[in-house]
$ cat start_39.csv   # CSV, C-alpha atoms and all ligand atoms
chain,number,residue,atom,x,y,z
A,66,MET,CA,-45.8,-35.6,85.1
A,67,THR,CA,-45.6,-32.0,83.8
A,68,ALA,CA,-43.6,-29.6,85.9
A,69,LYS,CA,-45.7,-27.0,87.6
A,70,GLN,CA,-45.1,-23.3,88.2
A,71,GLY,CA,-46.1,-21.7,91.5
A,72,VAL,CA,-47.6,-18.4,92.4
A,73,LEU,CA,-47.7,-17.1,95.9
A,74,LEU,CA,-50.3,-14.4,96.5
A,75,VAL,CA,-49.8,-12.6,99.8
A,76,ASN,CA,-52.1,-10.0,101.4
A,77,LEU,CA,-51.6,-8.2,104.7
A,78,GLY,CA,-53.6,-10.4,107.1
A,79,THR,CA,-56.6,-10.3,109.3
A,80,PRO,CA,-57.6,-11.7,112.7
A,81,ASP,CA,-59.1,-15.2,112.9
A,82,SER,CA,-62.3,-13.8,114.4
A,83,PRO,CA,-63.4,-10.4,115.6
A,84,SER,CA,-63.0,-11.4,119.3
A,85,VAL,CA,-60.8,-9.1,121.4
A,86,LYS,CA,-58.4,-12.1,122.0
A,87,ASP,CA,-57.9,-12.8,118.3
A,88,VAL,CA,-57.7,-9.2,117.3
A,89,ARG,CA,-55.0,-8.6,120.0
A,90,ARG,CA,-53.0,-11.6,118.8
A,91,TYR,CA,-53.2,-10.3,115.2
A,92,LEU,CA,-52.2,-6.8,116.1
A,93,ALA,CA,-49.3,-8.0,118.2
A,94,GLU,CA,-47.9,-10.1,115.3
A,95,PHE,CA,-48.5,-7.3,112.8
A,96,LEU,CA,-47.1,-4.4,114.8
A,97,MET,CA,-44.1,-6.2,116.3
A,98,ASP,CA,-42.8,-6.4,112.7
A,99,GLY,CA,-39.7,-4.1,112.6
A,100,ARG,CA,-40.7,-2.9,109.1
A,101,VAL,CA,-44.1,-1.7,110.4
A,102,ILE,CA,-43.2,-0.1,113.7
A,103,ASP,CA,-39.6,0.7,112.7
A,104,VAL,CA,-38.1,1.8,116.1
A,105,HIS,CA,-35.7,0.1,118.5
A,106,PRO,CA,-37.0,-3.4,119.5
A,107,PHE,CA,-37.1,-2.3,123.2
A,108,TRP,CA,-39.4,0.7,122.4
A,109,ARG,CA,-41.4,-1.3,119.9
A,110,ASN,CA,-42.1,-4.0,122.5
A,111,LEU,CA,-43.1,-1.4,125.1
A,112,LEU,CA,-45.3,0.6,122.6
A,113,VAL,CA,-47.0,-2.4,121.0
A,114,ARG,CA,-47.5,-4.8,123.9
A,115,GLY,CA,-47.8,-2.2,126.6
A,116,LEU,CA,-49.9,0.4,124.9
A,117,ILE,CA,-51.4,-0.3,121.4
A,118,VAL,CA,-52.5,-3.9,121.8
A,119,PRO,CA,-54.2,-3.5,125.2
A,120,PHE,CA,-56.0,-0.3,124.3
A,121,ARG,CA,-56.5,-0.6,120.6
A,122,GLY,CA,-57.5,-4.3,120.8
A,123,PRO,CA,-61.1,-3.8,122.1
A,124,ARG,CA,-61.7,-0.8,119.8
A,125,SER,CA,-60.4,-2.6,116.7
A,126,ALA,CA,-62.4,-5.7,117.6
A,127,ALA,CA,-65.6,-3.6,117.7
A,128,LEU,CA,-64.7,-2.2,114.2
A,129,TYR,CA,-64.0,-5.7,112.8
A,130,ARG,CA,-67.4,-6.8,114.1
A,131,GLN,CA,-69.1,-4.1,111.9
A,132,VAL,CA,-67.7,-5.7,108.7
A,133,TRP,CA,-67.4,-9.4,109.7
A,134,ASP,CA,-69.8,-11.5,107.5
A,135,ALA,CA,-71.7,-14.3,109.3
A,136,GLN,CA,-70.9,-16.7,106.4
A,137,ASN,CA,-67.7,-15.5,104.9
A,138,GLY,CA,-65.9,-14.0,107.9
A,139,SER,CA,-63.2,-11.4,107.2
A,140,PRO,CA,-63.8,-9.6,103.9
A,141,LEU,CA,-60.1,-9.4,103.3
A,142,LEU,CA,-59.6,-13.1,103.5
A,143,HIS,CA,-62.8,-13.9,101.7
A,144,TYR,CA,-61.9,-11.7,98.6
A,145,SER,CA,-58.3,-12.9,98.7
A,146,ARG,CA,-59.5,-16.5,98.5
A,147,LEU,CA,-61.8,-15.5,95.6
A,148,GLN,CA,-58.8,-13.9,93.8
A,149,GLN,CA,-56.8,-17.1,94.4
A,150,GLN,CA,-59.5,-19.3,92.9
A,151,LEU,CA,-60.1,-17.0,89.9
A,152,LEU,CA,-56.4,-16.8,89.2
A,153,GLN,CA,-56.0,-20.6,89.4
A,154,GLN,CA,-58.8,-20.9,86.8
A,155,GLU,CA,-57.3,-18.3,84.6
A,156,LEU,CA,-53.8,-19.9,84.6
A,157,GLY,CA,-54.9,-23.5,84.4
A,158,GLU,CA,-53.6,-26.8,85.8
A,159,THR,CA,-49.9,-26.4,85.0
A,160,TRP,CA,-49.9,-23.7,87.7
A,161,VAL,CA,-50.3,-23.9,91.5
A,162,VAL,CA,-51.7,-20.7,93.0
A,163,ALA,CA,-51.2,-20.5,96.8
A,164,LEU,CA,-52.6,-17.8,99.1
A,165,ALA,CA,-51.0,-16.5,102.3
A,166,MET,CA,-51.4,-13.6,104.7
A,167,ARG,CA,-48.3,-11.8,106.0
A,168,TYR,CA,-49.8,-11.9,109.5
A,169,GLY,CA,-52.2,-14.6,110.9
A,170,ASN,CA,-53.7,-17.3,108.7
A,171,PRO,CA,-53.1,-18.9,106.2
A,172,SER,CA,-49.5,-18.3,107.0
A,173,ILE,CA,-46.7,-17.8,104.4
A,174,ALA,CA,-44.9,-20.8,105.9
A,175,ALA,CA,-48.0,-23.1,105.2
A,176,ALA,CA,-48.5,-21.7,101.7
A,177,MET,CA,-44.8,-22.1,100.8
A,178,ALA,CA,-44.9,-25.7,102.2
A,179,ASN,CA,-47.8,-26.4,99.8
A,180,LEU,CA,-45.8,-25.1,96.9
A,181,GLN,CA,-42.8,-27.2,98.0
A,182,ASN,CA,-45.0,-30.3,98.2
A,183,ALA,CA,-46.3,-29.6,94.7
A,184,LYS,CA,-42.7,-29.6,93.5
A,185,VAL,CA,-43.1,-26.4,91.6
A,186,THR,CA,-40.0,-25.5,89.5
A,187,ARG,CA,-40.5,-21.8,89.8
A,188,ILE,CA,-42.3,-19.4,92.2
A,189,ARG,CA,-43.6,-15.9,91.4
A,190,VAL,CA,-44.3,-13.9,94.6
A,191,ILE,CA,-47.0,-11.3,94.3
A,192,ALA,CA,-47.6,-9.2,97.4
A,193,LEU,CA,-51.1,-7.8,96.8
A,194,PHE,CA,-50.1,-4.2,97.3
A,195,PRO,CA,-50.0,-2.2,94.1
A,196,GLN,CA,-47.7,0.5,95.6
A,197,TYR,CA,-44.4,-0.6,97.2
A,198,ALA,CA,-43.8,0.1,100.9
A,199,SER,CA,-41.2,-1.4,103.1
A,200,ALA,CA,-43.9,-2.1,105.7
A,201,THR,CA,-46.0,-4.2,103.3
A,202,THR,CA,-44.3,-5.6,100.1
A,203,GLY,CA,-40.9,-5.3,101.7
A,204,SER,CA,-42.0,-7.3,104.7
A,205,VAL,CA,-43.6,-10.0,102.6
A,206,HIS,CA,-40.5,-10.4,100.5
A,207,GLN,CA,-38.2,-10.5,103.5
A,208,GLN,CA,-40.3,-13.4,105.1
A,209,VAL,CA,-40.4,-15.4,101.9
A,210,MET,CA,-36.7,-15.0,101.4
A,211,ASP,CA,-36.0,-16.1,105.0
A,212,LEU,CA,-38.1,-19.2,104.5
A,213,VAL,CA,-36.9,-20.3,101.1
A,214,SER,CA,-33.3,-19.8,102.1
A,215,ARG,CA,-33.6,-22.8,104.3
A,216,TRP,CA,-34.9,-25.2,101.6
A,217,PRO,CA,-32.5,-27.8,100.3
A,218,VAL,CA,-33.4,-27.0,96.8
A,219,ILE,CA,-34.1,-23.3,96.2
A,220,PRO,CA,-36.3,-23.0,93.1
A,221,GLU,CA,-36.3,-20.2,90.6
A,222,ILE,CA,-38.0,-17.4,92.5
A,223,SER,CA,-39.0,-13.9,91.5
A,224,PHE,CA,-40.8,-11.0,93.2
A,225,VAL,CA,-43.1,-8.4,91.9
A,226,ASN,CA,-41.9,-5.2,93.4
A,227,SER,CA,-44.9,-3.0,92.6
A,228,PHE,CA,-47.6,-2.8,90.0
A,229,HIS,CA,-49.0,0.6,90.7
A,230,ASP,CA,-49.1,1.5,87.0
A,231,LEU,CA,-50.0,-1.8,85.4
A,232,GLU,CA,-52.5,-1.0,82.6
A,233,LEU,CA,-54.9,-3.8,83.6
A,234,LEU,CA,-54.9,-2.7,87.3
A,235,ILE,CA,-55.7,0.9,86.3
A,236,GLY,CA,-58.3,-0.4,83.9
A,237,ALA,CA,-59.9,-2.6,86.6
A,238,PHE,CA,-60.2,0.4,89.0
A,239,ALA,CA,-61.5,2.7,86.2
A,240,ALA,CA,-64.1,0.0,85.2
A,241,ASN,CA,-65.4,-0.2,88.8
A,242,GLY,CA,-65.6,3.6,89.1
A,243,ARG,CA,-67.3,4.1,85.7
A,244,LYS,CA,-70.4,2.3,87.0
A,245,TYR,CA,-71.0,5.2,89.3
A,246,GLN,CA,-70.7,7.9,86.6
A,247,PRO,CA,-67.9,9.8,88.3
A,248,HIS,CA,-68.7,13.1,86.4
A,249,SER,CA,-72.0,13.2,88.2
A,250,TYR,CA,-70.2,13.6,91.6
A,251,ASP,CA,-69.1,17.0,93.0
A,252,HIS,CA,-65.7,15.6,93.8
A,253,ILE,CA,-63.7,12.4,93.6
A,254,LEU,CA,-61.2,11.2,96.3
A,255,PHE,CA,-58.4,8.7,95.8
A,256,SER,CA,-57.8,7.7,99.4
A,257,PHE,CA,-54.7,5.6,99.9
A,258,HIS,CA,-53.4,3.9,103.1
A,259,GLY,CA,-51.0,6.3,104.8
A,260,LEU,CA,-47.4,5.8,106.0
A,261,PRO,CA,-45.3,7.6,108.5
A,262,GLN,CA,-43.4,10.4,106.7
A,263,ARG,CA,-40.2,9.1,108.4
A,264,GLN,CA,-40.6,5.8,106.5
A,265,LEU,CA,-40.8,7.6,103.2
A,266,LEU,CA,-37.5,9.4,103.9
A,267,LYS,CA,-35.9,6.0,104.7
A,268,SER,CA,-36.8,4.7,101.3
A,269,ASP,CA,-35.4,7.8,99.6
A,270,HIS,CA,-32.0,6.3,99.0
A,271,MET,CA,-30.6,9.4,97.3
A,272,ARG,CA,-32.0,11.8,99.9
A,273,ALA,CA,-32.9,13.7,96.7
A,274,HIS,CA,-36.6,13.8,96.6
A,275,CYS,CA,-39.1,13.2,99.4
A,276,PHE,CA,-40.3,16.4,101.1
A,277,GLN,CA,-37.6,18.5,99.3
A,278,THR,CA,-40.3,20.5,97.5
A,279,THR,CA,-44.0,20.9,97.7
A,280,ASN,CA,-45.8,18.4,95.5
A,281,CYS,CA,-42.5,16.4,95.1
A,282,CYS,CA,-44.6,13.3,94.6
A,283,SER,CA,-47.0,14.6,92.0
A,284,THR,CA,-44.6,13.8,89.2
A,285,PHE,CA,-43.2,10.3,88.7
A,286,ASP,CA,-39.7,9.8,87.4
A,287,ALA,CA,-36.4,7.9,88.0
A,288,LYS,CA,-35.6,9.8,91.2
A,289,ASN,CA,-38.8,8.9,93.0
A,290,ARG,CA,-39.9,5.6,91.4
A,291,HIS,CA,-39.6,3.7,94.7
A,292,CYS,CA,-41.4,6.3,96.7
A,293,TYR,CA,-44.8,5.0,98.0
A,294,SER,CA,-46.3,8.4,97.9
A,295,ALA,CA,-45.1,9.1,94.3
A,296,GLN,CA,-46.5,5.7,93.3
A,297,CYS,CA,-49.9,6.5,94.9
A,298,HIS,CA,-50.1,9.8,93.0
A,299,HIS,CA,-49.1,8.1,89.8
A,300,THR,CA,-51.8,5.4,90.2
A,301,ALA,CA,-54.4,8.1,90.9
A,302,SER,CA,-53.5,10.2,88.0
A,303,LEU,CA,-53.6,7.2,85.6
A,304,ILE,CA,-57.1,6.2,86.9
A,305,ALA,CA,-58.2,9.9,86.6
A,306,GLY,CA,-56.8,10.0,83.1
A,307,GLN,CA,-58.8,6.9,82.0
A,308,LEU,CA,-61.9,8.5,83.5
A,309,GLN,CA,-61.1,11.9,81.9
A,310,LEU,CA,-61.3,13.7,85.3
A,311,ARG,CA,-60.1,17.3,85.4
A,312,PRO,CA,-57.3,17.9,87.9
A,313,ASP,CA,-59.6,20.1,90.1
A,314,HIS,CA,-62.2,17.4,90.2
A,315,PHE,CA,-60.2,15.0,92.3
A,316,THR,CA,-57.9,14.9,95.4
A,317,VAL,CA,-55.3,12.3,96.5
A,318,CYS,CA,-55.4,11.8,100.2
A,319,PHE,CA,-54.2,9.3,102.9
A,320,GLN,CA,-56.2,7.4,105.6
A,321,SER,CA,-55.6,5.0,108.5
A,322,ARG,CA,-53.0,7.0,110.5
A,323,LEU,CA,-51.8,5.4,113.7
A,324,GLY,CA,-50.0,7.3,116.5
A,325,ARG,CA,-48.9,10.9,116.8
A,326,GLU,CA,-46.0,11.4,114.4
A,327,PRO,CA,-46.8,13.0,111.0
A,328,TRP,CA,-48.0,10.6,108.3
A,329,LEU,CA,-48.5,11.2,104.6
A,330,GLN,CA,-50.8,14.2,104.0
A,331,PRO,CA,-53.4,15.4,103.3
A,332,TYR,CA,-55.4,13.2,105.7
A,333,THR,CA,-58.6,11.8,104.2
A,334,SER,CA,-60.6,12.9,107.3
A,335,ASP,CA,-59.5,16.5,106.9
A,336,VAL,CA,-60.2,16.6,103.1
A,337,ILE,CA,-63.7,15.2,103.7
A,338,ARG,CA,-64.4,17.9,106.3
A,339,GLN,CA,-63.0,20.6,104.0
A,340,LEU,CA,-65.1,19.5,101.0
A,341,ALA,CA,-68.2,19.5,103.1
A,342,ALA,CA,-67.4,23.0,104.4
A,343,GLU,CA,-67.0,24.1,100.7
A,344,GLY,CA,-70.5,22.9,100.1
A,345,LYS,CA,-69.7,19.7,98.2
A,346,LYS,CA,-72.7,17.4,98.5
A,347,ARG,CA,-71.7,14.2,96.7
A,348,LEU,CA,-68.4,12.4,96.9
A,349,LEU,CA,-67.1,9.3,95.2
A,350,VAL,CA,-64.2,7.6,96.9
A,351,PHE,CA,-61.7,5.2,95.3
A,352,CYS,CA,-59.2,3.2,97.5
A,353,PRO,CA,-56.5,2.1,95.1
A,354,ALA,CA,-54.0,0.9,97.7
A,355,PHE,CA,-56.3,-2.0,98.4
A,356,VAL,CA,-57.1,-4.7,95.9
A,357,ALA,CA,-59.6,-6.4,98.2
A,358,ASP,CA,-62.2,-4.8,100.4
A,359,CYS,CA,-61.2,-4.9,104.0
A,360,LEU,CA,-61.7,-3.0,107.3
A,361,GLU,CA,-60.0,0.1,105.9
A,362,THR,CA,-62.4,0.4,102.9
A,363,LEU,CA,-65.7,-1.0,104.2
A,364,GLN,CA,-65.5,0.4,107.8
A,365,GLU,CA,-63.2,3.4,107.7
A,366,ILE,CA,-64.4,4.9,104.4
A,367,GLY,CA,-67.8,3.3,103.9
A,368,LEU,CA,-69.1,3.8,107.5
A,369,GLU,CA,-66.9,6.2,109.6
A,370,TYR,CA,-66.0,8.8,107.0
A,371,ARG,CA,-69.4,8.5,105.3
A,372,LYS,CA,-71.0,9.4,108.6
A,373,ALA,CA,-68.5,12.3,109.1
A,374,PHE,CA,-69.3,13.7,105.7
A,375,LEU,CA,-73.1,13.5,106.2
A,376,ASP,CA,-72.7,15.0,109.7
A,377,ALA,CA,-70.8,17.9,108.2
A,378,GLY,CA,-73.6,18.7,105.7
A,379,GLY,CA,-72.8,16.3,102.8
A,380,GLU,CA,-75.5,14.2,101.2
A,381,GLU,CA,-73.8,11.2,99.7
A,382,LEU,CA,-70.4,9.5,100.1
A,383,GLN,CA,-70.2,6.5,97.7
A,384,LEU,CA,-67.3,4.0,98.1
A,385,VAL,CA,-66.1,2.4,94.9
A,386,GLU,CA,-65.9,-1.3,95.8
A,387,GLY,CA,-62.5,-3.0,95.8
A,388,LEU,CA,-61.3,-5.1,92.9
A,389,ASN,CA,-62.4,-8.3,94.7
A,390,GLY,CA,-63.5,-10.7,91.9
A,391,SER,CA,-63.0,-8.3,89.0
A,392,PRO,CA,-62.2,-10.2,85.8
A,393,VAL,CA,-59.9,-7.5,84.6
A,394,PHE,CA,-58.0,-7.7,87.9
A,395,THR,CA,-57.7,-11.5,87.5
A,396,ARG,CA,-56.1,-10.8,84.1
A,397,ALA,CA,-53.8,-8.3,85.8
A,398,LEU,CA,-52.7,-11.0,88.3
A,399,ALA,CA,-52.2,-13.5,85.5
A,400,ALA,CA,-49.9,-11.0,83.6
A,401,LEU,CA,-47.9,-10.5,86.8
A,402,ALA,CA,-47.6,-14.3,87.4
A,403,ARG,CA,-46.4,-14.9,83.9
A,404,GLY,CA,-43.9,-12.1,84.3
B,501,LIG,C1,-52.4,-1.0,101.5
B,501,LIG,C2,-51.2,-0.9,102.1
B,501,LIG,C3,-51.0,-0.8,103.6
B,501,LIG,C4,-50.0,-0.1,104.1
B,501,LIG,C5,-48.9,0.8,103.4
B,501,LIG,C6,-50.1,-0.2,105.5
B,501,LIG,C7,-49.3,0.4,106.5
B,501,LIG,C8,-49.5,0.4,107.9
B,501,LIG,N1,-50.6,-0.1,108.5
B,501,LIG,C9,-50.5,0.1,109.9
B,501,LIG,C10,-51.4,-0.2,110.9
B,501,LIG,C11,-52.6,-0.9,110.7
B,501,LIG,N2,-53.2,-1.2,109.5
B,501,LIG,C12,-54.3,-2.0,109.8
B,501,LIG,C13,-55.2,-2.6,108.8
B,501,LIG,C14,-54.9,-2.7,107.5
B,501,LIG,N3,-53.8,-2.2,106.8
B,501,LIG,C15,-53.8,-2.6,105.5
B,501,LIG,C16,-52.9,-2.2,104.5
B,501,LIG,C17,-51.8,-1.4,104.6
B,501,LIG,N4,-51.2,-1.0,105.8
B,501,LIG,C18,-55.0,-3.4,105.3
B,501,LIG,C19,-55.4,-4.1,104.1
B,501,LIG,C20,-55.6,-3.5,106.6
B,501,LIG,C21,-56.9,-4.2,106.8
B,501,LIG,C22,-56.8,-5.6,107.4
B,501,LIG,C23,-58.2,-6.3,107.5
B,501,LIG,O1,-58.2,-7.3,108.3
B,501,LIG,O2,-59.2,-5.9,106.9
B,501,LIG,C24,-54.5,-2.1,111.2
B,501,LIG,C25,-55.6,-3.0,111.9
B,501,LIG,C26,-56.9,-2.3,112.1
B,501,LIG,C27,-56.9,-1.3,113.1
B,501,LIG,O3,-56.7,-1.5,114.2
B,501,LIG,O4,-57.1,-0.1,112.6
B,501,LIG,C28,-53.5,-1.4,111.8
B,501,LIG,C29,-53.2,-1.2,113.3
B,501,LIG,C30,-49.2,0.7,110.1
B,501,LIG,C31,-48.6,1.1,111.4
B,501,LIG,C32,-48.6,0.9,108.8
B,501,LIG,C33,-47.3,1.5,108.4
B,501,LIG,C34,-46.3,1.7,109.1
B,502,FE,FE,-52.4,-0.8,107.6
B,503,FE,FE,-41.6,11.1,97.7

$ encode --input "start_39.csv" --output "structure tokens"
Amino acid sequence: MTAKQGVLLVNLGTPDSPSVKDVRRYLAEFLMDGRVIDVHPFWRNLLVRGLIVPFRGPRSAALYRQVWDAQNGSPLLHYSRLQQQLLQQELGETWVVALAMRYGNPSIAAAMANLQNAKVTRIRVIALFPQYASATTGSVHQQVMDLVSRWPVIPEISFVNSFHDLELLIGAFAANGRKYQPHSYDHILFSFHGLPQRQLLKSDHMRAHCFQTTNCCSTFDAKNRHCYSAQCHHTASLIAGQLQLRPDHFTVCFQSRLGREPWLQPYTSDVIRQLAAEGKKRLLVFCPAFVADCLETLQEIGLEYRKAFLDAGGEELQLVEGLNGSPVFTRALAALARG
């Protein structure tokens, strides 16, 4: 029997169904993670179980219902499964590709048990977030390490820290966007998931970079290479470079803010309003923090912000679809798996 190598793909997670009960259970697991709501456990418990889950649960469930597919269920889980199958085909039978969600199902514990049963000699962990954040990639890595540390035999294991500048990833986003003829749009947005500014400062080990100067993240170098914001700007500038976009033809912005403290700016909602006020009529929006379409791309950008733009006088807001089953992205994952 040939020894097999394992790959663990992990995305964020999604509720089991769009019912209020399942959405509340998912939100509680997600937001009780100390890397996501990074405050003292007493306050986190009060905030999450006492406020966010009871009040946000019904609202989020209604949003999930807008994108839930009768056949395929959650888009995030559906496209993640597709990516798992395509990667398995690409790598062949000497590899075992397992899929997990950091929160909800399929769990990381179940996927790791499958890899253990398949007796893989080596595991490559790929958190499906191109840009590193403690709340996402960091949290996945912590949980995998906790689990594997209890195995009698710990296999060779390695972690992809980020892949925000991987040529095949940039090529996959650019190929998706090219179909829409970006130059025919009035403006292009690169809208990334936001993060609380406080979490960026925590990741700035040297206290030498974040928020020290304006536009500190628009260059990418040794000082800020672990900064989520700098990695987002870098991804956007690489995609823009492939599409030959002029710097004044695109804007990097941040969506999906939660709570009252300042998050990464500018906020996508403000940028959209501002562009409409300037008389821009047609917008093309990339979401390069997400490799699979999900609530944040399909509902927040494709429905909510599209409506906001049209209400403010815009004529068209086109979402560039996620990488989903992109063959170039499958090759990107294979390159990451092989290391
Ligand atoms: C792409 C990277 C992501 C980062 C960074 C991230 C940080 C982050 N998110 C929240 C709160 C919520 N996020 C929610 C949904 C959601 N977030 C990501 C990715 C990142 N989050 C994805 C892919 C999704 C979609 C999941 C799906 O099922 O489709 C939600 C739930 C939806 C809602 O109620 O709006 C919350 C809440 C925080 C607090 C945070 C960083 C601290
Ligand atoms: Fe999120
Ligand atoms: Fe930074």

$ closest_atom_pairs --input "start_39.csv" --of "stretch 277-369 of chain A" --to "stretch 125-146 of chain A" --cutoff "6 Å" --atoms "all atoms listed in the file" --output "CSV"
residue,atom,partner,partner_atom,distance
A:Ala357,CA,A:Tyr144,CA,5.8
A:Asp358,CA,A:Leu141,CA,5.8
A:Cys359,CA,A:Leu141,CA,4.7

$ write_last_selection --input "start_39.csv" --atoms "C-alpha atoms" --output "PDB file, in the frame of the given file"
ATOM      1  CA  ALA A 357     -59.600  -6.400  98.200  1.00  0.00           C
ATOM      2  CA  ASP A 358     -62.200  -4.800 100.400  1.00  0.00           C
ATOM      3  CA  CYS A 359     -61.200  -4.900 104.000  1.00  0.00           C
TER       4      CYS A 359
END

$ residues_around --input "start_39.csv" --residues "A:Leu231" --least-positions-apart "2" --cutoff "12 Å" --atoms "only C-alpha atoms" --output "list in words"
Pro195, Gln196, Val225, Asn226, Ser227, Phe228, His229, Leu233, Leu234, Ile235, Gly236, Ala237, Phe238, Gln296, His299, Thr300, Leu303, Ile304, Val393, Phe394, Arg396, Ala397, Leu398, Ala399, Ala400 and Leu401 of chain A

$ residues_near_ligand --input "start_39.csv" --ligand "ligand FE 502 (chain B)" --cutoff "10 Å" --atoms "only C-alpha atoms and all ligand atoms" --output "JSON, numbers by chain"
{"A": [77, 78, 95, 96, 101, 200, 201, 258, 259, 260, 320, 321, 322, 323, 360, 361]}

$ closest_residue --input "start_39.csv" --among "A:Ala402, A:Leu164, A:Val85, A:Ile188" --to "ligand LIG 501 (chain B)" --atoms "only C-alpha atoms and all ligand atoms"
A:Val85

$ residues_near_ligand --input "start_39.csv" --ligand "ligand FE 503 (chain B)" --cutoff "6 Å" --atoms "only C-alpha atoms and all ligand atoms" --output "MDAnalysis selection string"
chainID A and resid 274:275 281:282 289 292 294:295

$ closest_residue --input "start_39.csv" --among "A:Val356, A:Leu73, A:Ile337, A:Cys318" --to "ligand LIG 501 (chain B)" --atoms "only C-alpha atoms and all ligand atoms"
A:Val356

$ residues_near_point --input "start_39.csv" --point "(-51.5, -24.5, 88.8)" --cutoff "10 Å" --atoms "all atoms listed in the file" --output "ChimeraX atom specification"
/A:68-72,152-163,180,183,185

$ atom_distance --input "start_39.csv" --atom1 "atom CA of A:Arg347" --atom2 "atom CA of A:Val317"
16.5 Å

$ residues_around --input "start_39.csv" --residues "stretch 105-118 of chain A" --least-positions-apart "3" --cutoff "8 Å" --atoms "all atoms listed in the file" --output "list in words"
Arg89, Leu92, Ala93, Leu96, Met97, Gly99, Ile102, Arg121 and Gly122 of chain A

$ residues_around --input "start_39.csv" --residues "A:Ala198" --least-positions-apart "4" --cutoff "9 Å" --atoms "only C-alpha atoms" --output "VMD selection string"
chain A and resid 194 202 to 204 227 260 264 to 265 268 291 to 293

$ atom_distance --input "start_39.csv" --atom1 "atom CA of A:Leu212" --atom2 "atom CA of A:Glu94"
17.2 Å

$ closest_residue --input "start_39.csv" --among "A:Gln307, A:Thr79, A:Gln262, A:Asn170" --to "ligand LIG 501 (chain B)" --atoms "all atoms listed in the file"
A:Thr79

$ atom_distance --input "start_39.csv" --atom1 "atom CA of A:Pro217" --atom2 "atom CA of A:Asn76"
26.5 Å

$ closest_residue --input "start_39.csv" --among "A:Phe255, A:Tyr245, A:Tyr370, A:Tyr91" --to "ligand LIG 501 (chain B)" --atoms "all atoms listed in the file"
A:Tyr91

$ closest_residue --input "start_39.csv" --among "A:Met177, A:Ile366, A:Val88, A:Val190" --to "ligand LIG 501 (chain B)" --atoms "only C-alpha atoms and all ligand atoms"
A:Val88

$ closest_residue --input "start_39.csv" --among "A:Ala240, A:Met210, A:Ala354, A:Leu151" --to "ligand LIG 501 (chain B)" --atoms "only C-alpha atoms and all ligand atoms"
A:Ala354

$ decode --input "start_39.csv" --residues "stretch 379-397 of chain A" --atoms "C-alpha atoms" --output "mmCIF file, in the first residue's frame"
data_model
loop_
_atom_site.group_PDB
_atom_site.id
_atom_site.type_symbol
_atom_site.label_atom_id
_atom_site.label_comp_id
_atom_site.auth_asym_id
_atom_site.auth_seq_id
_atom_site.Cartn_x
_atom_site.Cartn_y
_atom_site.Cartn_z
ATOM 1 C CA GLY A 379 -26.044 54.343 -9.756
ATOM 2 C CA GLU A 380 -27.136 52.182 -12.676
ATOM 3 C CA GLU A 381 -25.231 48.937 -12.292
ATOM 4 C CA LEU A 382 -23.232 47.188 -9.591
ATOM 5 C CA GLN A 383 -21.711 43.955 -10.866
ATOM 6 C CA LEU A 384 -20.191 41.467 -8.409
ATOM 7 C CA VAL A 385 -17.272 39.449 -9.792
ATOM 8 C CA GLU A 386 -18.111 35.906 -8.710
ATOM 9 C CA GLY A 387 -15.899 34.066 -6.219
ATOM 10 C CA LEU A 388 -13.231 31.600 -7.330
ATOM 11 C CA ASN A 389 -15.581 28.686 -6.571
ATOM 12 C CA GLY A 390 -14.758 25.962 -9.147
ATOM 13 C CA SER A 391 -12.138 28.005 -11.067
ATOM 14 C CA PRO A 392 -9.569 25.662 -12.687
ATOM 15 C CA VAL A 393 -6.803 28.219 -12.088
ATOM 16 C CA PHE A 394 -7.697 28.299 -8.392
ATOM 17 C CA THR A 395 -7.617 24.473 -8.254
ATOM 18 C CA ARG A 396 -4.067 24.700 -9.576
ATOM 19 C CA ALA A 397 -3.296 27.334 -6.921
#
